[in-house]
Structure formats: structure tokens, C-alpha cells
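These notes concern the structure reproduced below.
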Amino acid sequence: MSLTDLYIAGVGRRLPPAVTVAEAAGPGRRRALWRTEVESVRVSRGESGPEMAARAARAALAQSGSAPADIDLVLHATTFYQGHDMWAPASYVQRTALGNTCPAIEVRQMSNGGMAALDLAAGYLAGAPDRSGALITTGDRFCPPGFDRWRSDAGTPYGDGGTALVLSRRGGFARVRALATHSDPGLERMHRGDDPFSEEPFAVRRPVDLEPPRRDFVAATGLDTVLGRIDDGQRAVLKRCLADAGVTAADLDWFVLPHLGRPRLEAHFLRPLGIDVDRTTWSWGRRVGHLGAGDQFAGFGHLVDSGTLAPGQLCLLAGVGAGFSWSCAVVELLHRPEAAGGEETR
């Protein structure tokens with residue numbers, strides 16, 4: 001969708017300390033991890049995904065200057081277990097970070113959750129003239145026994161953290177020029193494979209291992225077909241987003257891409273879309289790890305806080321998640337915010 005009055009008023013992140021690949025990987029796994037070219041990932045020593053999301057939310061709200069009455073929607077995007085069974089983590093984030101009574105809803109679109117929530121929030125704010133702001137958060141902790149951050153998704157080491165973004169119709173330091181989302185449910189089975197529907201979490205395998213279902217799906221569908229559909233989806237959403245923003249790829253100054261291992265990043269983004277890695281957040285993201293739904297908000301916040309993104313420049317936020325879905329946003333930095341939104345423990 002093409003947008004004229006939608007702004008980013010605040011962005012926040014809570015990232016715990018980093019653990020390097022060399023520190024974590026034994027001799028048997030170092031070679032596979034080094035091929036990803038990821039240097040380190042953030043590892044929580046006990047703080048849950050919702051707790052980190054709430055801390056990021058408080059930072060984003062402080063940067064935006066928003067009061068609880070200014071927020072009409074809370075969306076919390078998740079990828080993995082949130083710390084309690086049969087529980088609503090979005091309500092926890094709302095209570096601890098905001099304290100108002102607007103709708104608070106969990107979004108579960110895997111690694112595209114944050115970007116999908118951004119698109120949903122934009123539509124919600126546009127639905128009524130009295131709606132002015134939305135708080136979007138992400139938060140995950142990828143820990144044993146359910147998840148092995150180094151092996152569960154071969155080729156992409158996972159990091160822990162929380163992120164947040166305040167979307168506003170009243171103004172902000174960055175303008176959202178366009179948003180687009182595209183879905184291809186024909187790829188849904190890639191993360192299910194031939195596994196049966198089970199009656200409890202981790203009944204088929206523990207920890208999570210995404211390779212067997214991926215292998216089953218590729219064997220049934222064909223590798224070329226699978227890769228072609230993934231690339232087609234990415235191109236389709238990018239083309240629509242650029243057209244709605246009235247710009248071309250050459251007009252973009254920076255790209256915030258998922259924190260994938262370098263071979264995956266090359267295969268699905270850099271080569272097919274003709275993106276120069278030096279115009280991306282790769283050099284920072286390789287020291288963070290894949291944050292599930294939060295890579296785009298964290299990467300954008302880093303560009304802003306570090307001064308890398310200059311006023312007047314355009315940035316593309318791109319996401320992809322199992323299902324499959326793809327989202328893109330074209331964002332223009334209007335001016336630098338007065339306060340930083342990042343909280344990182346080195």
C-alpha cells in the first residue's frame with residue numbers, strides 16, 4: 001500500500017550479551033558454523049522473550065514520547081516458546097510496558113512476524129480516524145531443551161532479543177512510504193514435511209530440527225521448484241513495494257535484511273535482487289544472530305542509532321517467514337531522533 005501519513009516515532013531493542021561461535025562450538029560443529037560467517041549471537045541467561053520485548057517497548061515508547069492514550073493497538077510477534085503454556089504474551093507486554101486497555105494481539109507468522117505485524121498495524125490505524133498509534137514488539141529466547149540455536153535451523157544461528165517499534169499517524173522521525181506483503185501457502189509444508197500432527201510440543205523430535213521436514217518437502221516438490229517459488233515471492237513483494245513508494249531499487253540507500261547465514265543471504269537476497277552487501281546491515285547482524293521476527297526492527301534501530309542512515313535517505317526493510325510470507329517496507333529518515341532506542345549488553 002502507498003502511504004502518506006504513517007511514521008515511525010520510536011524504535012527499541014533489548015539484546016543480551018554476545019557469545020561467539022568460537023566459544024560455543026565444539027570441534028565437530030565449527031566448520032559448519034564458520035561457513036555461515038556469523039561471528040556471534042546474543043544469548044539470554046534467563047530473560048524470556050516477552051520480558052525482552054517489554055524492555056524494548058519501553059525504550060521505543062520513551063523515544064517516541066508517546067503516552068498510553070496514544071497507543072490504539074499492541075501487536076506482539078513471536079517465533080518460539082514464550083515461557084508459559086496457554087498464555088497471552090501480548091497482554092504481558094501491554095501490561096508491563098504500556099498499561100492501557102487497547103487491543104493486544106499475538107502475531108505468529110514466524111520470521112516474518114514483525115514485518116507482517118507492521119503491515120497489519122498500518123491497516124488498523126487507517127481503519128478509523130481516531131486511531132493514531134500502534135506498538136509492535138517481538139521477543140524470543142531460543143534455548144534448550146526445545147531449540148538448539150546452532151543446529152536446529154542449519155545455516156542460520158539464532159540469537160535472543162526483544163525489539164519494538166511505535167507506529168504513528170501524528171508524526172515521527174521516519175516516514176513509512178510503502179508497505180507490501182505477499183503469501184504463498186503452497187510452501188507451507190516445507191516446515192511440516194511428512195511429520196504427523198502431534199498431541200504435544202516436541203513430540204516428533206526434540207530439540208527442533210527443521211532439516212527433516214525441509215528434506216521431505218524438497219524430495220516431493222523438487223529443489224528447482226522450491227527455490228523458484230521462494231525467489232518469485234521475494235521479487236513480487238519487492239516490486240509491489242517499490243512501485244507503491246514511487247521509487248526504484250537504485251534509489252534505496254540501505255537494506256535491512258534477515259540475519260541469515262551468509263550463504264543463505266547470498267542465495268535469497270544479495271544475488272537475485274542485486275544488492276551490495278555493504279549497503280546492508282550484515283556487518284552488524286552477523287554479530288547478533290537471527291532474532292526470529294525481530295531482525296528488521298533491530299537492524300533499522302541500529303542504522304538510526306549509529307548515524308549510518310542519514311536524513312533524507314531511503315531504507316528497505318525486508319522479511320520472509322515460513323508459511324511462506326514476504327513483507328517489505330520503504331522507509332525515509334526525516335531526522336535523527338533525540339534519544340537512542342537501543343539497549344545492548346556487549
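In the C-alpha cells, the first chain shown is A, the next is B, and so on; residue numbers restart at 1 for each chain, and ligands run from 1 in the order shown.
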Who sits within 10 Å of Gln94 (chain A), only C-alpha atoms, same chain under 3 positions skipped, as a VMD selection string: chain A and resid 54 57 68 73 to 76 89 to 91 97 to 105 135 137
Once you have the residues from the selection above, write them out as a short mmCIF file (atom, residue, chain, number, x, y, z; two decimals), in the first residue's frame, restricted to all heavy atoms.
data_model
loop_
_atom_site.label_atom_id
_atom_site.label_comp_id
_atom_site.auth_asym_id
_atom_site.auth_seq_id
_atom_site.Cartn_x
_atom_site.Cartn_y
_atom_site.Cartn_z
N ALA A 54 9.24 -6.36 26.30
CA ALA A 54 8.72 -5.27 27.11
C ALA A 54 9.78 -4.21 27.37
O ALA A 54 9.49 -3.00 27.36
CB ALA A 54 8.18 -5.82 28.43
N ALA A 57 10.09 -2.28 24.28
CA ALA A 57 8.91 -1.43 24.13
C ALA A 57 9.03 -0.16 24.95
O ALA A 57 8.69 0.94 24.48
CB ALA A 57 7.66 -2.20 24.54
N PRO A 68 0.35 6.32 27.06
CA PRO A 68 -0.51 5.15 26.84
C PRO A 68 -1.75 5.46 26.01
O PRO A 68 -2.18 4.62 25.20
CB PRO A 68 -0.87 4.74 28.27
CG PRO A 68 0.31 5.16 29.09
CD PRO A 68 0.77 6.45 28.47
N LEU A 73 -3.28 0.07 19.55
CA LEU A 73 -3.12 -1.35 19.22
C LEU A 73 -1.74 -1.82 19.67
O LEU A 73 -0.75 -1.10 19.48
CB LEU A 73 -3.26 -1.56 17.71
CG LEU A 73 -3.04 -2.98 17.17
CD1 LEU A 73 -4.19 -3.90 17.63
CD2 LEU A 73 -2.93 -2.99 15.66
N VAL A 74 -1.69 -3.01 20.25
CA VAL A 74 -0.42 -3.67 20.57
C VAL A 74 -0.39 -4.99 19.82
O VAL A 74 -1.31 -5.81 19.93
CB VAL A 74 -0.27 -3.94 22.08
CG1 VAL A 74 1.00 -4.73 22.36
CG2 VAL A 74 -0.27 -2.63 22.87
N LEU A 75 0.66 -5.20 19.02
CA LEU A 75 0.88 -6.47 18.33
C LEU A 75 2.22 -7.02 18.78
O LEU A 75 3.24 -6.31 18.71
CB LEU A 75 0.87 -6.28 16.82
CG LEU A 75 -0.45 -5.83 16.19
CD1 LEU A 75 -0.28 -5.65 14.68
CD2 LEU A 75 -1.57 -6.81 16.48
N HIS A 76 2.24 -8.26 19.23
CA HIS A 76 3.47 -8.91 19.69
C HIS A 76 3.75 -10.10 18.79
O HIS A 76 2.96 -11.06 18.75
CB HIS A 76 3.34 -9.34 21.14
CG HIS A 76 4.54 -10.08 21.68
ND1 HIS A 76 5.81 -9.53 21.70
CD2 HIS A 76 4.65 -11.33 22.20
CE1 HIS A 76 6.65 -10.40 22.23
NE2 HIS A 76 5.98 -11.51 22.53
N PRO A 89 1.16 -13.64 25.65
CA PRO A 89 2.31 -12.77 25.87
C PRO A 89 2.07 -11.33 25.46
O PRO A 89 2.68 -10.41 26.02
CB PRO A 89 3.42 -13.42 25.04
CG PRO A 89 2.70 -14.23 24.01
CD PRO A 89 1.46 -14.71 24.68
N ALA A 90 1.20 -11.09 24.48
CA ALA A 90 0.91 -9.70 24.08
C ALA A 90 0.32 -8.92 25.24
O ALA A 90 0.60 -7.72 25.41
CB ALA A 90 -0.03 -9.68 22.88
N SER A 91 -0.51 -9.56 26.04
CA SER A 91 -1.11 -8.89 27.20
C SER A 91 -0.06 -8.58 28.26
O SER A 91 -0.13 -7.55 28.94
CB SER A 91 -2.22 -9.77 27.79
OG SER A 91 -3.26 -9.94 26.85
N ALA A 97 4.64 -2.72 29.82
CA ALA A 97 5.28 -1.62 29.10
C ALA A 97 4.37 -0.44 28.87
O ALA A 97 4.85 0.68 28.66
CB ALA A 97 5.80 -2.12 27.74
N LEU A 98 3.06 -0.67 28.92
CA LEU A 98 2.13 0.37 28.49
C LEU A 98 1.04 0.65 29.52
O LEU A 98 0.85 1.79 29.92
CB LEU A 98 1.51 -0.06 27.15
CG LEU A 98 0.82 0.98 26.30
CD1 LEU A 98 1.78 2.12 25.93
CD2 LEU A 98 0.28 0.33 25.03
N GLY A 99 0.30 -0.39 29.90
CA GLY A 99 -0.70 -0.24 30.95
C GLY A 99 -2.04 0.30 30.50
O GLY A 99 -2.87 0.66 31.34
N ASN A 100 -2.29 0.36 29.20
CA ASN A 100 -3.61 0.84 28.75
C ASN A 100 -4.53 -0.35 28.44
O ASN A 100 -4.21 -1.49 28.80
CB ASN A 100 -3.46 1.77 27.55
CG ASN A 100 -3.00 1.05 26.29
OD1 ASN A 100 -2.80 -0.16 26.28
ND2 ASN A 100 -2.82 1.79 25.21
N THR A 101 -5.66 -0.10 27.77
CA THR A 101 -6.64 -1.16 27.55
C THR A 101 -7.01 -1.34 26.08
O THR A 101 -8.08 -1.87 25.76
CB THR A 101 -7.93 -0.88 28.35
OG1 THR A 101 -8.46 0.40 27.97
CG2 THR A 101 -7.66 -0.90 29.84
N CYS A 102 -6.14 -0.95 25.17
CA CYS A 102 -6.41 -1.15 23.74
C CYS A 102 -6.25 -2.63 23.40
O CYS A 102 -5.74 -3.42 24.20
CB CYS A 102 -5.46 -0.30 22.90
SG CYS A 102 -3.74 -0.88 22.90
N PRO A 103 -6.67 -3.08 22.21
CA PRO A 103 -6.46 -4.48 21.83
C PRO A 103 -4.98 -4.86 21.84
O PRO A 103 -4.13 -4.08 21.38
CB PRO A 103 -7.03 -4.54 20.40
CG PRO A 103 -8.01 -3.42 20.33
CD PRO A 103 -7.43 -2.33 21.19
N ALA A 104 -4.68 -6.03 22.37
CA ALA A 104 -3.32 -6.56 22.39
C ALA A 104 -3.37 -7.97 21.83
O ALA A 104 -4.05 -8.84 22.39
CB ALA A 104 -2.74 -6.57 23.80
N ILE A 105 -2.65 -8.22 20.74
CA ILE A 105 -2.81 -9.45 19.98
C ILE A 105 -1.44 -10.03 19.61
O ILE A 105 -0.54 -9.29 19.22
CB ILE A 105 -3.62 -9.18 18.69
CG1 ILE A 105 -5.00 -8.61 19.05
CG2 ILE A 105 -3.76 -10.44 17.85
CD1 ILE A 105 -5.75 -8.02 17.88
N LEU A 135 1.83 -0.01 18.91
CA LEU A 135 3.09 -0.54 19.44
C LEU A 135 3.25 -1.96 18.93
O LEU A 135 2.38 -2.82 19.16
CB LEU A 135 3.07 -0.52 20.97
CG LEU A 135 4.24 -1.23 21.67
CD1 LEU A 135 5.57 -0.52 21.39
CD2 LEU A 135 4.00 -1.34 23.17
N THR A 137 5.86 -5.26 18.93
CA THR A 137 7.02 -5.84 19.59
C THR A 137 7.31 -7.23 19.06
O THR A 137 6.44 -7.89 18.50
CB THR A 137 6.83 -5.91 21.12
OG1 THR A 137 5.76 -6.82 21.43
CG2 THR A 137 6.54 -4.55 21.71
#
Residue neighbourhood region 270-278 of chain A, 12 Å, only C-alpha atoms, exclusion window fewer than 3 positions, as an MDAnalysis selection string: chainID A and resid 227:228 230:239 248:250 252:258 260 262:267 281:286 308 316 318
Kindly save the residues from that selection, with C-alpha atoms included, as a PDB file, in the first residue's frame.
ATOM      1  CA  LEU A 227      13.840 -22.250  -4.839  1.00  0.00           C
ATOM      2  CA  GLY A 228      11.989 -20.692  -7.765  1.00  0.00           C
ATOM      3  CA  ILE A 230      10.856 -18.593  -2.844  1.00  0.00           C
ATOM      4  CA  ASP A 231      12.632 -16.193  -5.184  1.00  0.00           C
ATOM      5  CA  ASP A 232       9.391 -15.368  -7.026  1.00  0.00           C
ATOM      6  CA  GLY A 233       7.710 -14.400  -3.768  1.00  0.00           C
ATOM      7  CA  GLN A 234      10.583 -12.148  -2.765  1.00  0.00           C
ATOM      8  CA  ARG A 235      10.662 -10.426  -6.151  1.00  0.00           C
ATOM      9  CA  ALA A 236       6.876  -9.955  -6.203  1.00  0.00           C
ATOM     10  CA  VAL A 237       6.698  -8.215  -2.830  1.00  0.00           C
ATOM     11  CA  LEU A 238       9.717  -6.030  -3.584  1.00  0.00           C
ATOM     12  CA  LYS A 239       8.327  -4.975  -6.959  1.00  0.00           C
ATOM     13  CA  THR A 248      13.366   2.060  -7.809  1.00  0.00           C
ATOM     14  CA  ALA A 249      15.907  -0.217  -6.160  1.00  0.00           C
ATOM     15  CA  ALA A 250      18.628   2.211  -7.274  1.00  0.00           C
ATOM     16  CA  LEU A 252      17.446   2.879  -1.943  1.00  0.00           C
ATOM     17  CA  ASP A 253      20.417   3.746   0.241  1.00  0.00           C
ATOM     18  CA  TRP A 254      20.245   0.881   2.764  1.00  0.00           C
ATOM     19  CA  PHE A 255      18.726  -2.585   3.063  1.00  0.00           C
ATOM     20  CA  VAL A 256      17.751  -4.210   6.362  1.00  0.00           C
ATOM     21  CA  LEU A 257      17.660  -7.943   5.629  1.00  0.00           C
ATOM     22  CA  PRO A 258      17.090 -11.026   7.794  1.00  0.00           C
ATOM     23  CA  LEU A 260      20.686 -15.321   7.936  1.00  0.00           C
ATOM     24  CA  ARG A 262      25.970 -15.596   4.576  1.00  0.00           C
ATOM     25  CA  PRO A 263      25.285 -18.395   2.013  1.00  0.00           C
ATOM     26  CA  ARG A 264      21.516 -18.103   2.564  1.00  0.00           C
ATOM     27  CA  LEU A 265      21.682 -14.324   2.420  1.00  0.00           C
ATOM     28  CA  GLU A 266      23.574 -14.507  -0.857  1.00  0.00           C
ATOM     29  CA  ALA A 267      21.207 -17.081  -2.370  1.00  0.00           C
ATOM     30  CA  THR A 281      23.130  -4.475   7.973  1.00  0.00           C
ATOM     31  CA  TRP A 282      25.088  -7.727   7.506  1.00  0.00           C
ATOM     32  CA  SER A 283      28.248  -6.479   9.259  1.00  0.00           C
ATOM     33  CA  TRP A 284      26.194  -5.804  12.406  1.00  0.00           C
ATOM     34  CA  GLY A 285      23.678  -8.643  12.101  1.00  0.00           C
ATOM     35  CA  ARG A 286      26.432 -11.269  11.864  1.00  0.00           C
ATOM     36  CA  THR A 308      24.598   5.246   9.441  1.00  0.00           C
ATOM     37  CA  LEU A 316      14.197  -1.028   2.648  1.00  0.00           C
ATOM     38  CA  ALA A 318      12.626  -6.934   4.014  1.00  0.00           C
TER      39      ALA A 318
END
Residues flagged strand (DSSP E or B) by DSSP in region 3-210 of chain A, as a PyMOL selection string: chain A and resi 7-15+18-20+40-42+73-77+104-107+133-140+158+161-168+174-183
For CA of Gly321 (chain A) and CA of Asp5 (chain A), the interatomic separation in Å (one decimal):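 CA of Asp5 (chain A) lies 27.5 Å from CA of Gly321 (chain A).
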Interatomic distance, CA of Val38 (chain A) to CA of Gly159 (chain A) (Å, one decimal): 10.9 Å
Long-range neighbours of Leu125 (chain A) as an NGL selection string, 8 Å cut-off, only C-alpha atoms, 5 positions minimum in chain: :A and (72 or 131-134 or 169)
Best match for closeness to Ser48 (chain A) among A:Leu15, A:Leu334, A:Leu120, A:Ala67, counting only C-alpha atoms: A:Leu15
Test item: residues at most 6 Å from Tyr7 (chain A), only C-alpha atoms, excluding those fewer than 3 positions along its chain, as JSON, numbers by chain: {"A": [167, 168, 171, 172, 174, 175, 176]}
Okay, now the selection with C-alpha atoms, as an mmCIF file, in the first residue's frame?
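Wrote it out as result05.cif, contents follow:
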data_model
loop_
_atom_site.group_PDB
_atom_site.id
_atom_site.type_symbol
_atom_site.label_atom_id
_atom_site.label_comp_id
_atom_site.auth_asym_id
_atom_site.auth_seq_id
_atom_site.Cartn_x
_atom_site.Cartn_y
_atom_site.Cartn_z
ATOM 1 C CA LEU A 167 3.938 3.454 14.506
ATOM 2 C CA SER A 168 2.141 6.804 14.449
ATOM 3 C CA GLY A 171 4.429 12.198 13.148
ATOM 4 C CA GLY A 172 7.830 10.714 13.841
ATOM 5 C CA ALA A 174 10.927 8.443 9.827
ATOM 6 C CA ARG A 175 8.146 8.161 7.269
ATOM 7 C CA VAL A 176 6.846 4.817 6.007
#
Distance query region 210-212 of chain A at most 8 Å, only C-alpha atoms, self and fewer than 2 positions along chain excluded, as number ranges by chain: A: 152-154, 191, 193, 208, 214-216
Writing out the chosen residues with N, CA, C and O atoms as a JSON list (two decimals), in the first residue's frame:
[["chain", "number", "residue", "atom", "x", "y", "z"],
["A", 152, "SER", "N", 19.41, -26.25, 15.07],
["A", 152, "SER", "CA", 18.00, -26.50, 14.74],
["A", 152, "SER", "C", 17.64, -26.05, 13.33],
["A", 152, "SER", "O", 16.80, -26.66, 12.67],
["A", 153, "ASP", "N", 18.24, -24.98, 12.86],
["A", 153, "ASP", "CA", 18.00, -24.48, 11.50],
["A", 153, "ASP", "C", 19.36, -24.33, 10.84],
["A", 153, "ASP", "O", 19.98, -23.26, 10.88],
["A", 154, "ALA", "N", 19.84, -25.41, 10.24],
["A", 154, "ALA", "CA", 21.19, -25.44, 9.69],
["A", 154, "ALA", "C", 21.41, -24.27, 8.72],
["A", 154, "ALA", "O", 20.61, -24.05, 7.81],
["A", 191, "HIS", "N", 8.02, -26.67, 6.33],
["A", 191, "HIS", "CA", 8.35, -26.76, 7.75],
["A", 191, "HIS", "C", 7.50, -27.80, 8.47],
["A", 191, "HIS", "O", 7.49, -27.84, 9.70],
["A", 193, "GLY", "N", 6.78, -31.07, 6.40],
["A", 193, "GLY", "CA", 7.24, -32.30, 5.77],
["A", 193, "GLY", "C", 6.23, -33.41, 5.85],
["A", 193, "GLY", "O", 5.02, -33.20, 5.68],
["A", 208, "VAL", "N", 14.06, -28.96, 18.28],
["A", 208, "VAL", "CA", 13.56, -28.71, 16.92],
["A", 208, "VAL", "C", 14.67, -28.96, 15.92],
["A", 208, "VAL", "O", 15.82, -28.58, 16.13],
["A", 214, "ARG", "N", 12.12, -30.17, 5.82],
["A", 214, "ARG", "CA", 12.58, -29.47, 4.61],
["A", 214, "ARG", "C", 13.02, -30.48, 3.55],
["A", 214, "ARG", "O", 12.69, -30.33, 2.36],
["A", 215, "ARG", "N", 13.72, -31.52, 3.98],
["A", 215, "ARG", "CA", 14.20, -32.55, 3.05],
["A", 215, "ARG", "C", 13.02, -33.31, 2.44],
["A", 215, "ARG", "O", 13.01, -33.59, 1.24],
["A", 216, "ASP", "N", 12.01, -33.63, 3.26],
["A", 216, "ASP", "CA", 10.82, -34.33, 2.75],
["A", 216, "ASP", "C", 10.11, -33.49, 1.69],
["A", 216, "ASP", "O", 9.70, -34.01, 0.64]]
Nearest to Pro213 (chain A) by atom-to-atom distance, counting only C-alpha atoms, from A:Glu188, A:Thr163, A:Phe147, A:Trp326: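 Of A:Glu188, A:Thr163, A:Phe147, A:Trp326, the one nearest Pro213 (chain A), counting only C-alpha atoms, is A:Glu188.
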Report the closest atom pair, with its distance in Å rounded to one decimal, for each residue of region 36-68 of chain A that has an atom no farther than 12 Å from region 292-302 of chain A; count only C-alpha atoms, sort by chain and then rising residue number, and write it as JSON lines.
{"residue": "A:Gly49", "atom": "CA", "partner": "A:Gly292", "partner_atom": "CA", "distance": 10.5}
{"residue": "A:Met52", "atom": "CA", "partner": "A:Gly294", "partner_atom": "CA", "distance": 11.4}
{"residue": "A:Ala53", "atom": "CA", "partner": "A:Gly294", "partner_atom": "CA", "distance": 9.7}
{"residue": "A:Ala56", "atom": "CA", "partner": "A:Ala298", "partner_atom": "CA", "distance": 9.8}
{"residue": "A:Ala57", "atom": "CA", "partner": "A:Phe297", "partner_atom": "CA", "distance": 11.5}
{"residue": "A:Ala59", "atom": "CA", "partner": "A:Gly301", "partner_atom": "CA", "distance": 11.1}
{"residue": "A:Ala60", "atom": "CA", "partner": "A:Gly301", "partner_atom": "CA", "distance": 9.7}
{"residue": "A:Gln63", "atom": "CA", "partner": "A:Gly301", "partner_atom": "CA", "distance": 11.3}
Give me a file of those residues, with C-alpha atoms, as a PDB file, in the first residue's frame.
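Here's the written file selection.pdb:
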ATOM      1  CA  GLY A  49      11.271 -13.291  25.026  1.00  0.00           C
ATOM      2  CA  MET A  52      12.991  -8.553  26.492  1.00  0.00           C
ATOM      3  CA  ALA A  53      10.144  -7.338  24.262  1.00  0.00           C
ATOM      4  CA  ALA A  56      12.456  -2.833  24.097  1.00  0.00           C
ATOM      5  CA  ALA A  57       8.912  -1.427  24.132  1.00  0.00           C
ATOM      6  CA  ALA A  59      12.715   2.219  25.104  1.00  0.00           C
ATOM      7  CA  ALA A  60      10.694   2.749  21.920  1.00  0.00           C
ATOM      8  CA  GLN A  63      11.987   7.683  22.235  1.00  0.00           C
TER       9      GLN A  63
END
